[in-house]
$ cat structure_1.txt   # compact mmCIF, C-alpha atoms
# COMPACT_ATOMS: atom_id res chain seq x y z
CA MET A 1 -33.05 8.39 28.47
CA THR A 2 -29.31 8.72 29.00
CA ALA A 3 -26.52 6.25 28.37
CA GLU A 4 -22.75 6.04 28.78
CA ILE A 5 -20.14 3.98 26.99
CA ILE A 6 -17.11 2.43 28.67
CA THR A 7 -14.39 1.01 26.46
CA ILE A 8 -11.92 -1.34 28.12
CA GLY A 9 -8.42 -2.15 26.95
CA ASP A 10 -4.85 -0.93 27.27
CA GLU A 11 -4.60 -1.07 23.47
CA ILE A 12 -7.09 1.80 23.16
CA LEU A 13 -5.31 4.04 25.67
CA ILE A 14 -1.91 3.65 24.02
CA GLY A 15 -3.32 4.29 20.55
CA GLN A 16 -2.68 0.81 19.21
CA VAL A 17 -6.38 0.41 18.43
CA VAL A 18 -8.71 3.25 17.45
CA ASP A 19 -12.05 3.24 19.28
CA THR A 20 -14.54 3.15 16.42
CA ASN A 21 -17.09 1.27 18.53
CA SER A 22 -18.15 4.31 20.56
CA ALA A 23 -18.78 6.46 17.49
CA TRP A 24 -20.91 3.72 15.92
CA LEU A 25 -22.83 3.06 19.14
CA GLY A 26 -23.49 6.75 19.66
CA GLN A 27 -24.92 7.16 16.18
CA LYS A 28 -26.91 3.93 16.29
CA LEU A 29 -28.52 4.43 19.69
CA ASN A 30 -29.30 8.08 19.02
CA GLU A 31 -31.50 6.95 16.14
CA TYR A 32 -33.72 5.25 18.73
CA GLY A 33 -33.85 8.10 21.23
CA VAL A 34 -30.96 7.06 23.48
CA GLN A 35 -28.76 10.04 24.36
CA ILE A 36 -25.08 9.25 24.94
CA VAL A 37 -23.80 11.65 27.61
CA ARG A 38 -20.30 10.34 28.26
CA ILE A 39 -17.66 8.03 26.78
CA THR A 40 -14.84 6.72 29.00
CA SER A 41 -11.86 4.52 28.19
CA VAL A 42 -10.13 2.54 30.94
CA ARG A 43 -7.30 0.05 31.01
CA ASP A 44 -7.58 -3.62 31.92
CA ASP A 45 -7.64 -3.00 35.65
CA LYS A 46 -10.34 -4.36 37.96
CA ASN A 47 -10.43 -1.40 40.33
CA GLU A 48 -10.62 1.15 37.53
CA ILE A 49 -13.41 -0.76 35.81
CA ILE A 50 -15.43 -0.89 39.03
CA GLU A 51 -14.81 2.77 39.83
CA THR A 52 -15.88 3.84 36.33
CA LEU A 53 -18.94 1.61 36.40
CA ASP A 54 -20.05 3.05 39.76
CA SER A 55 -19.65 6.57 38.44
CA SER A 56 -21.57 5.85 35.24
CA LEU A 57 -24.47 4.16 37.05
CA SER A 58 -24.83 7.17 39.35
CA ARG A 59 -25.76 9.31 36.33
CA SER A 60 -27.15 7.22 33.52
CA ASP A 61 -29.96 4.74 32.83
CA LEU A 62 -27.88 2.52 30.56
CA VAL A 63 -24.17 1.70 30.61
CA LEU A 64 -22.64 -0.02 27.60
CA ILE A 65 -19.26 -1.74 27.97
CA THR A 66 -17.13 -2.98 25.08
CA GLY A 67 -13.90 -4.97 25.29
CA GLY A 68 -12.05 -7.18 27.70
CA LEU A 69 -14.04 -10.37 27.02
CA GLY A 70 -11.33 -12.48 25.41
CA PRO A 71 -10.10 -15.85 26.72
CA THR A 72 -6.68 -14.64 27.91
CA LYS A 73 -5.65 -13.55 31.40
CA ASP A 74 -5.47 -9.85 30.55
CA ASP A 75 -9.19 -9.78 29.72
CA LEU A 76 -10.79 -9.00 33.08
CA THR A 77 -14.26 -7.67 32.24
CA LYS A 78 -16.28 -10.83 32.83
CA LYS A 79 -14.67 -11.69 36.16
CA THR A 80 -14.91 -8.09 37.30
CA LEU A 81 -18.62 -7.93 36.47
CA ALA A 82 -19.26 -11.18 38.36
CA GLU A 83 -17.57 -9.64 41.40
CA TYR A 84 -19.41 -6.34 40.95
CA PHE A 85 -22.83 -8.02 40.80
CA GLU A 86 -21.88 -10.42 43.61
CA CYS A 87 -22.34 -13.68 41.76
CA LYS A 88 -20.29 -16.59 40.46
CA LEU A 89 -19.45 -17.60 36.91
CA VAL A 90 -21.56 -20.43 35.53
CA MET A 91 -21.55 -22.34 32.26
CA ASP A 92 -24.26 -21.18 29.85
CA GLU A 93 -25.39 -24.10 27.69
CA GLY A 94 -26.57 -21.95 24.79
CA ALA A 95 -23.29 -20.03 24.67
CA TYR A 96 -21.35 -23.30 24.96
CA ARG A 97 -23.12 -24.85 21.96
CA ASN A 98 -22.73 -21.67 19.91
CA ILE A 99 -19.00 -21.45 20.65
CA GLU A 100 -18.46 -25.16 19.93
CA ASN A 101 -20.23 -24.91 16.56
CA LEU A 102 -18.38 -21.74 15.62
CA VAL A 103 -14.96 -23.13 16.55
CA ARG A 104 -15.50 -26.40 14.72
CA GLU A 105 -16.80 -24.61 11.59
CA ARG A 106 -13.60 -22.57 11.51
CA GLY A 107 -11.45 -25.68 11.85
CA PHE A 108 -10.02 -24.90 15.31
CA ASP A 109 -9.75 -27.09 18.41
CA PHE A 110 -12.49 -26.61 20.99
CA ASN A 111 -9.92 -26.31 23.76
CA GLU A 112 -10.32 -25.35 27.41
CA LEU A 113 -9.78 -21.62 26.78
CA LYS A 114 -12.52 -21.61 24.17
CA GLN A 115 -14.86 -23.55 26.48
CA GLN A 116 -14.30 -21.02 29.26
CA GLN A 117 -15.75 -18.33 27.02
CA ALA A 118 -19.16 -19.88 27.80
CA LEU A 119 -18.73 -19.03 31.50
CA VAL A 120 -20.90 -16.01 32.36
CA PRO A 121 -21.93 -14.24 35.60
CA GLU A 122 -24.91 -16.03 37.11
CA LYS A 123 -27.05 -12.86 37.35
CA CYS A 124 -26.78 -11.82 33.70
CA THR A 125 -29.04 -12.41 30.73
CA VAL A 126 -26.89 -13.78 27.92
CA ILE A 127 -26.92 -11.95 24.59
CA PRO A 128 -25.92 -14.37 21.80
CA ASN A 129 -22.82 -13.67 19.75
CA LEU A 130 -23.34 -15.34 16.40
CA HIS A 131 -19.99 -14.20 15.01
CA GLY A 132 -17.57 -14.81 17.88
CA THR A 133 -16.90 -16.70 21.07
CA ALA A 134 -17.58 -13.97 23.66
CA PRO A 135 -21.29 -13.75 24.55
CA GLY A 136 -22.82 -10.44 25.52
CA MET A 137 -24.23 -9.90 29.01
CA TRP A 138 -27.22 -7.85 30.26
CA PHE A 139 -27.42 -6.90 33.95
CA GLU A 140 -30.10 -5.04 35.90
CA LYS A 141 -29.38 -3.04 39.05
CA GLU A 142 -31.90 -0.81 40.77
CA GLY A 143 -33.70 -0.02 37.54
CA ARG A 144 -30.51 0.68 35.60
CA ILE A 145 -28.98 -1.54 32.92
CA VAL A 146 -25.40 -2.60 32.28
CA VAL A 147 -24.57 -4.31 29.00
CA SER A 148 -21.17 -5.87 28.28
CA MET A 149 -20.22 -6.69 24.69
CA PRO A 150 -17.09 -7.85 22.85
CA GLY A 151 -14.72 -5.22 21.54
CA VAL A 152 -14.41 -6.76 18.05
CA PRO A 153 -16.43 -4.26 15.97
CA PHE A 154 -18.28 -6.62 13.64
CA GLU A 155 -19.26 -8.88 16.56
CA MET A 156 -20.50 -5.95 18.64
CA LYS A 157 -22.44 -4.38 15.76
CA ALA A 158 -24.25 -7.62 14.92
CA MET A 159 -25.14 -8.09 18.59
CA VAL A 160 -26.62 -4.60 18.77
CA ASP A 161 -28.57 -4.96 15.52
CA ASP A 162 -29.81 -8.49 16.14
CA TYR A 163 -30.67 -8.32 19.84
CA LEU A 164 -29.75 -5.27 21.90
CA ILE A 165 -31.90 -2.62 20.22
CA GLU A 166 -35.06 -4.66 20.76
CA MET A 167 -34.08 -5.42 24.36
CA ILE A 168 -33.59 -1.69 25.05
CA LYS A 169 -36.90 -0.79 23.38
CA ARG A 170 -38.74 -3.34 25.52
CA HIS A 171 -37.16 -2.12 28.74
CA PHE A 172 -37.21 1.67 28.30
CA SER A 173 -39.70 4.23 27.09
CA LEU A 174 -37.70 5.99 24.38
CA ARG A 175 -38.25 9.57 23.22
CA ASN A 176 -38.16 10.90 19.69
CA ILE A 177 -34.82 12.31 18.57
CA ILE A 178 -34.74 13.53 14.98
CA HIS A 179 -31.58 14.38 13.04
CA LYS A 180 -30.88 15.16 9.42
CA THR A 181 -27.49 16.22 8.12
CA ALA A 182 -26.66 18.14 4.95
CA ILE A 183 -23.17 17.99 3.43
CA THR A 184 -21.47 21.08 1.96
CA TYR A 185 -18.11 21.51 0.28
CA GLY A 186 -15.91 24.30 -0.98
CA ILE A 187 -16.81 27.12 1.38
CA PRO A 188 -15.02 27.80 4.73
CA GLU A 189 -17.03 27.50 7.94
CA SER A 190 -16.90 31.21 8.80
CA ALA A 191 -17.91 32.26 5.27
CA LEU A 192 -20.67 29.66 5.26
CA ALA A 193 -22.02 30.91 8.59
CA ILE A 194 -22.20 34.48 7.29
CA LYS A 195 -23.82 33.46 4.02
CA ILE A 196 -26.56 31.34 5.59
CA GLU A 197 -27.20 33.56 8.62
CA PRO A 198 -30.67 34.66 7.40
CA TRP A 199 -31.60 31.03 6.88
CA GLU A 200 -30.30 30.06 10.32
CA ASP A 201 -32.24 32.92 11.95
CA SER A 202 -35.43 31.69 10.27
CA LEU A 203 -35.27 28.22 11.85
CA PRO A 204 -38.05 27.35 14.31
CA GLU A 205 -36.97 27.39 17.97
CA TYR A 206 -37.38 23.62 18.28
CA LEU A 207 -34.78 23.01 15.54
CA LYS A 208 -31.15 23.11 16.64
CA LEU A 209 -28.38 23.68 14.08
CA ALA A 210 -24.89 22.22 14.54
CA TYR A 211 -21.83 22.90 12.37
CA LEU A 212 -19.68 19.77 12.00
CA PRO A 213 -16.56 20.67 9.99
CA ASN A 214 -13.75 18.41 8.81
CA PRO A 215 -10.97 19.00 6.25
CA ASN A 216 -13.09 17.74 3.36
CA CYS A 217 -16.54 19.15 4.06
CA ILE A 218 -18.83 20.91 6.49
CA ARG A 219 -21.86 19.01 7.74
CA LEU A 220 -24.91 20.96 8.89
CA ARG A 221 -27.12 18.95 11.23
CA LEU A 222 -30.66 19.92 12.17
CA SER A 223 -31.99 18.23 15.32
CA ALA A 224 -35.27 18.16 17.20
CA TYR A 225 -36.18 16.46 20.48
CA GLU A 226 -39.49 15.18 21.81
CA SER A 227 -41.33 16.20 18.64
CA ASP A 228 -43.89 14.89 16.19
CA LYS A 229 -41.55 13.02 13.86
CA GLU A 230 -43.58 13.28 10.65
CA LYS A 231 -44.32 16.98 11.12
CA VAL A 232 -40.76 17.88 12.05
CA MET A 233 -39.19 15.92 9.17
CA LYS A 234 -41.39 17.84 6.76
CA VAL A 235 -40.16 21.15 8.18
CA ILE A 236 -36.52 19.98 8.11
CA ASP A 237 -36.85 18.92 4.47
CA GLU A 238 -38.33 22.32 3.60
CA LYS A 239 -35.57 24.23 5.40
CA PHE A 240 -32.81 22.20 3.73
CA ALA A 241 -34.48 22.78 0.34
CA GLU A 242 -34.22 26.52 1.06
CA LEU A 243 -30.57 26.09 2.01
CA GLN A 244 -29.77 24.25 -1.20
CA LYS A 245 -31.11 27.18 -3.23
CA MET A 246 -28.85 29.55 -1.28
CA ILE A 247 -25.63 27.57 -1.86
CA PRO A 248 -26.29 25.40 -4.94
CA GLU A 249 -22.62 24.98 -5.88
CA SER A 250 -21.57 23.94 -2.38
CA PHE A 251 -24.52 21.71 -1.47
CA LEU A 252 -23.58 18.04 -1.96
CA GLY A 253 -26.42 16.09 -0.39
CA TYR A 254 -27.37 14.38 2.86
CA GLY A 255 -26.15 11.87 5.39
CA ASP A 256 -23.13 9.92 4.20
CA THR A 257 -22.88 11.75 0.87
CA SER A 258 -19.28 12.19 -0.31
CA LEU A 259 -17.65 14.13 -3.12
CA GLU A 260 -16.60 10.95 -4.87
CA GLY A 261 -20.09 9.49 -4.46
CA VAL A 262 -21.70 12.55 -6.03
CA VAL A 263 -19.26 12.49 -8.96
CA ALA A 264 -19.74 8.74 -9.42
CA ASP A 265 -23.51 9.25 -9.66
CA MET A 266 -23.04 12.06 -12.19
CA LEU A 267 -20.78 9.91 -14.35
CA LEU A 268 -23.12 6.92 -14.19
CA GLU A 269 -26.15 9.03 -15.03
CA ARG A 270 -24.39 10.49 -18.10
CA LYS A 271 -22.72 7.20 -19.05
CA GLU A 272 -19.36 9.00 -19.01
CA THR A 273 -15.93 7.74 -17.99
CA LEU A 274 -12.92 8.89 -15.99
CA SER A 275 -9.21 8.15 -15.79
CA VAL A 276 -6.78 9.53 -13.22
CA ALA A 277 -3.10 10.53 -13.30
CA GLU A 278 -1.66 10.98 -9.81
CA SER A 279 1.73 12.06 -8.60
CA CYS A 280 1.65 13.57 -5.08
CA THR A 281 -1.64 11.85 -4.19
CA GLY A 282 -0.12 8.45 -4.96
CA GLY A 283 -3.32 6.64 -5.98
CA TYR A 284 -5.54 8.09 -3.25
CA ILE A 285 -8.07 9.51 -5.70
CA SER A 286 -8.40 6.16 -7.44
CA SER A 287 -8.83 4.42 -4.10
CA LEU A 288 -11.71 6.74 -3.15
CA PHE A 289 -13.61 5.71 -6.25
CA THR A 290 -12.71 2.01 -6.18
CA ALA A 291 -13.82 1.79 -2.55
CA MET A 292 -17.36 2.17 -3.91
CA ASN A 293 -19.19 -0.69 -5.56
CA GLY A 294 -19.57 -0.42 -9.34
CA ALA A 295 -16.55 1.83 -9.95
CA SER A 296 -15.59 -0.17 -13.05
CA ASP A 297 -18.66 1.25 -14.80
CA TYR A 298 -17.02 4.68 -15.04
CA LEU A 299 -13.40 4.52 -13.80
CA THR A 300 -11.23 2.94 -16.49
CA ALA A 301 -7.68 3.44 -15.19
CA GLY A 302 -5.42 5.15 -12.70
CA VAL A 303 -1.76 5.97 -13.31
CA VAL A 304 0.62 6.81 -10.45
CA SER A 305 3.25 8.74 -12.39
CA TYR A 306 5.48 9.58 -9.46
CA THR A 307 8.66 10.40 -11.36
CA VAL A 308 9.37 12.76 -14.23
CA ASP A 309 10.24 9.78 -16.46
CA ALA A 310 6.84 8.22 -15.75
CA LYS A 311 5.09 11.48 -16.58
CA VAL A 312 7.00 11.76 -19.83
CA ASN A 313 7.05 8.10 -20.96
CA ILE A 314 3.53 7.08 -19.91
CA LEU A 315 1.49 10.27 -20.10
CA GLY A 316 3.34 12.10 -22.84
CA VAL A 317 4.31 15.13 -20.78
CA ASN A 318 6.85 17.28 -22.65
CA ARG A 319 10.22 17.03 -20.86
CA GLU A 320 11.21 20.51 -22.03
CA ASP A 321 8.07 21.91 -20.37
CA VAL A 322 9.03 20.14 -17.15
CA ASP A 323 12.40 21.90 -17.30
CA ARG A 324 10.81 25.22 -18.23
CA TYR A 325 7.86 25.32 -15.82
CA GLY A 326 8.82 22.78 -13.15
CA VAL A 327 7.33 19.38 -12.40
CA VAL A 328 4.90 21.04 -9.96
CA SER A 329 3.22 23.43 -12.35
CA GLU A 330 -0.15 24.00 -13.95
CA GLU A 331 1.38 23.25 -17.36
CA VAL A 332 2.54 19.79 -16.26
CA ALA A 333 -0.81 19.14 -14.52
CA LYS A 334 -2.58 20.08 -17.76
CA GLN A 335 -0.49 17.69 -19.84
CA MET A 336 -0.92 14.88 -17.29
CA ALA A 337 -4.71 15.22 -17.32
CA GLU A 338 -4.84 15.39 -21.12
CA GLY A 339 -2.38 12.51 -21.42
CA VAL A 340 -4.29 10.12 -19.19
CA ARG A 341 -7.58 11.05 -20.89
CA ARG A 342 -6.06 10.45 -24.33
CA LEU A 343 -4.30 7.24 -23.24
CA ASN A 344 -7.52 5.66 -21.97
CA GLY A 345 -10.09 7.27 -24.26
CA THR A 346 -12.18 8.57 -21.37
CA THR A 347 -14.59 11.47 -21.13
CA TYR A 348 -12.55 13.09 -18.38
CA GLY A 349 -9.03 12.97 -17.04
CA ILE A 350 -7.84 14.46 -13.75
CA SER A 351 -4.30 14.91 -12.48
CA THR A 352 -2.31 15.96 -9.42
CA THR A 353 1.31 17.02 -9.10
CA GLY A 354 2.78 18.60 -5.99
CA ILE A 355 4.96 18.50 -2.88
CA ALA A 356 3.11 16.54 -0.21
CA GLY A 357 6.03 16.89 2.24
CA PRO A 358 7.63 16.96 4.64
CA THR A 359 10.70 17.00 2.33
CA GLY A 360 11.19 17.89 -1.31
CA GLU A 361 10.41 21.59 -1.21
CA THR A 362 12.37 24.30 -2.98
CA GLU A 363 12.38 28.06 -2.57
CA GLU A 364 9.95 28.36 -5.48
CA THR A 365 7.82 25.35 -4.51
CA PRO A 366 7.22 24.97 -0.75
CA VAL A 367 5.65 21.95 0.89
CA GLY A 368 1.90 21.93 0.30
CA THR A 369 2.07 23.26 -3.26
CA VAL A 370 -0.22 21.21 -5.52
CA CYS A 371 -1.31 21.72 -9.11
CA ILE A 372 -4.45 20.00 -10.37
CA GLY A 373 -5.69 19.49 -13.91
CA VAL A 374 -9.08 18.44 -15.25
CA ALA A 375 -9.33 17.53 -18.94
CA THR A 376 -12.82 17.48 -20.47
CA PRO A 377 -14.33 17.33 -23.96
CA HIS A 378 -14.65 21.13 -23.72
CA GLY A 379 -11.04 21.87 -22.79
CA THR A 380 -8.70 21.60 -19.81
CA ILE A 381 -8.69 23.67 -16.63
CA THR A 382 -5.89 23.85 -14.06
CA ARG A 383 -5.49 25.34 -10.63
CA LYS A 384 -2.64 25.82 -8.18
CA PHE A 385 -3.24 25.28 -4.45
CA MET A 386 -1.17 26.08 -1.37
CA PHE A 387 -1.99 23.63 1.40
CA GLY A 388 -0.19 23.12 4.71
CA LYS A 389 2.82 21.21 6.02
CA LEU A 390 1.16 17.88 6.91
CA ARG A 391 1.70 15.15 4.30
CA ASN A 392 -1.45 13.09 4.90
CA GLU A 393 -3.67 16.17 5.03
CA ASN A 394 -2.11 17.51 1.83
CA ILE A 395 -2.86 14.24 0.04
CA LYS A 396 -6.47 14.23 1.24
CA ARG A 397 -7.08 17.91 0.47
CA ALA A 398 -5.51 17.64 -2.97
CA SER A 399 -7.65 14.61 -3.78
CA ALA A 400 -10.84 16.27 -2.58
CA ASN A 401 -10.16 19.44 -4.55
CA ALA A 402 -9.38 17.47 -7.71
CA ILE A 403 -12.66 15.57 -7.45
CA ASN A 404 -14.56 18.77 -6.72
CA MET A 405 -13.03 20.51 -9.75
CA LEU A 406 -14.29 17.62 -11.86
CA ARG A 407 -17.73 17.91 -10.24
CA MET A 408 -17.94 21.60 -11.09
CA GLU A 409 -16.88 20.99 -14.70
CA ILE A 410 -19.54 18.32 -15.12
CA LYS A 411 -22.20 20.64 -13.64
CA LYS A 412 -21.08 23.49 -15.92
CA HIS A 413 -21.70 21.47 -19.07
$ encode --input "structure_1.txt" --output "structure tokens"
Amino acid sequence: MTAEIITIGDEILIGQVVDTNSAWLGQKLNEYGVQIVRITSVRDDKNEIIETLDSSLSRSDLVLITGGLGPTKDDLTKKTLAEYFECKLVMDEGAYRNIENLVRERGFDFNELKQQQALVPEKCTVIPNLHGTAPGMWFEKEGRIVVSMPGVPFEMKAMVDDYLIEMIKRHFSLRNIIHKTAITYGIPESALAIKIEPWEDSLPEYLKLAYLPNPNCIRLRLSAYESDKEKVMKVIDEKFAELQKMIPESFLGYGDTSLEGVVADMLLERKETLSVAESCTGGYISSLFTAMNGASDYLTAGVVSYTVDAKVNILGVNREDVDRYGVVSEEVAKQMAEGVRRLNGTTYGISTTGIAGPTGETEETPVGTVCIGVATPHGTITRKFMFGKLRNENIKRASANAINMLRMEIKKH
């Protein structure tokens, strides 16, 4: 079964809003055997919406539309769909009551614009929206389905989870699609491909391998289609177990596993603690850990020591060593890591100091130079990295490498 996604809104096309809905829908529906074959974004224009809808229905069994369902004049989706399916807008009593209750609970006036949200095309089946005022709509046309949903992500996701998946399962005969993804870190894609080539060659023909790289990791996804789910999952688990033995230092885990998540689990399991001293990363490392629930069980403190004075006065870095070696040096990174560990009495301390860019470089220290320190009960290690010219990428890569250095030190001991 094939499906397409149409996102509607000028704000998406001009980059004011990032389309996260399509990525989530693609992942969610694929779990149930729905294959997304195309994603299209169009502006709030009736003719373009109709043209795109016609094109999508000529190819796919299911068309999912998000956006353009607000109460203002620039939101055209509902009126356009009524015209497309040759019907009028009518008041849906269930939607009206839901909107009235929601508006009153939030302390707003149930004004005319809010009431008009309960108007829906006469030929649609209403999909309740329990978290917003724009109901979803399900249309059938010559055996194909069109579903229109709000563009607000949490409203759309709840609608899919609470209603749409079951509606799709009742209407279509879905095939088995099986995916499992392993996460690796610390080895470039080309080097990884060479190293695991024998393993890749040994995969059964029905298993398809995809490399999914990003700056922080490489994901390896094994997929199978129209297969016995239990049998195939057993084979996939066995093949990934073989892979883990081939690259034990680089194998992080599965699915949504992250470097910081792996390190957090290691710290929690050992009942050990961490403190962080950041200069060029500006608190990004701390934010990665504190974004996870329960971080206070192992992360005691983070210091953003952005200036030399802060490094000296807070962390105890020797000012003469700053003058001798430079603020971006392995010696300063070492003292920062040891200083933050000592200051907070933690098992480990990690530090970053560097030139994130785009300004601040010198002839000796170009943009992208970063020094990282990891202080442990067994001593302190440091490493100097040369990243690129992009500030945000430098911050992310420095943070990931610092966390990975800590991971490797924990594994070593």
$ residues_around --input "structure_1.txt" --residues "Ile145 in chain A" --least-positions-apart "4" --cutoff "7 Å" --atoms "only C-alpha atoms" --output "ChimeraX atom specification"
/A:61-63,139-141
$ residues_around --input "structure_1.txt" --residues "Lys411 in chain A" --least-positions-apart "2" --cutoff "10 Å" --atoms "all atoms listed in the file" --output "mmCIF file with C-alpha atoms, in the frame of the given file"
data_model
loop_
_atom_site.group_PDB
_atom_site.id
_atom_site.type_symbol
_atom_site.label_atom_id
_atom_site.label_comp_id
_atom_site.auth_asym_id
_atom_site.auth_seq_id
_atom_site.Cartn_x
_atom_site.Cartn_y
_atom_site.Cartn_z
ATOM 1 C CA GLU A 249 -22.620 24.980 -5.880
ATOM 2 C CA VAL A 263 -19.260 12.490 -8.960
ATOM 3 C CA MET A 266 -23.040 12.060 -12.190
ATOM 4 C CA MET A 405 -13.030 20.510 -9.750
ATOM 5 C CA LEU A 406 -14.290 17.620 -11.860
ATOM 6 C CA ARG A 407 -17.730 17.910 -10.240
ATOM 7 C CA MET A 408 -17.940 21.600 -11.090
ATOM 8 C CA GLU A 409 -16.880 20.990 -14.700
ATOM 9 C CA HIS A 413 -21.700 21.470 -19.070
#
$ closest_residue --input "structure_1.txt" --among "A:Asp265, A:His171, A:Ala95, A:Pro153" --to "Asp297 in chain A" --atoms "all atoms listed in the file"
A:Asp265
$ atom_distance --input "structure_1.txt" --atom1 "CA of Leu288 in chain A" --atom2 "CA of Gly261 in chain A"
8.9 Å
$ residues_around --input "structure_1.txt" --residues "Thr257 in chain A" --least-positions-apart "2" --cutoff "10 Å" --atoms "only C-alpha atoms" --output "PyMOL selection string"
chain A and resi 181-184+252-255+259-262
$ residues_near_point --input "structure_1.txt" --point "(-41.8, 14.0, 18.2)" --cutoff "12 Å" --atoms "all atoms listed in the file" --output "ChimeraX atom specification"
/A:32-33,174-179,206-207,223-233
$ atom_distance --input "structure_1.txt" --atom1 "CA of Glu83 in chain A" --atom2 "CA of Glu11 in chain A"
23.7 Å
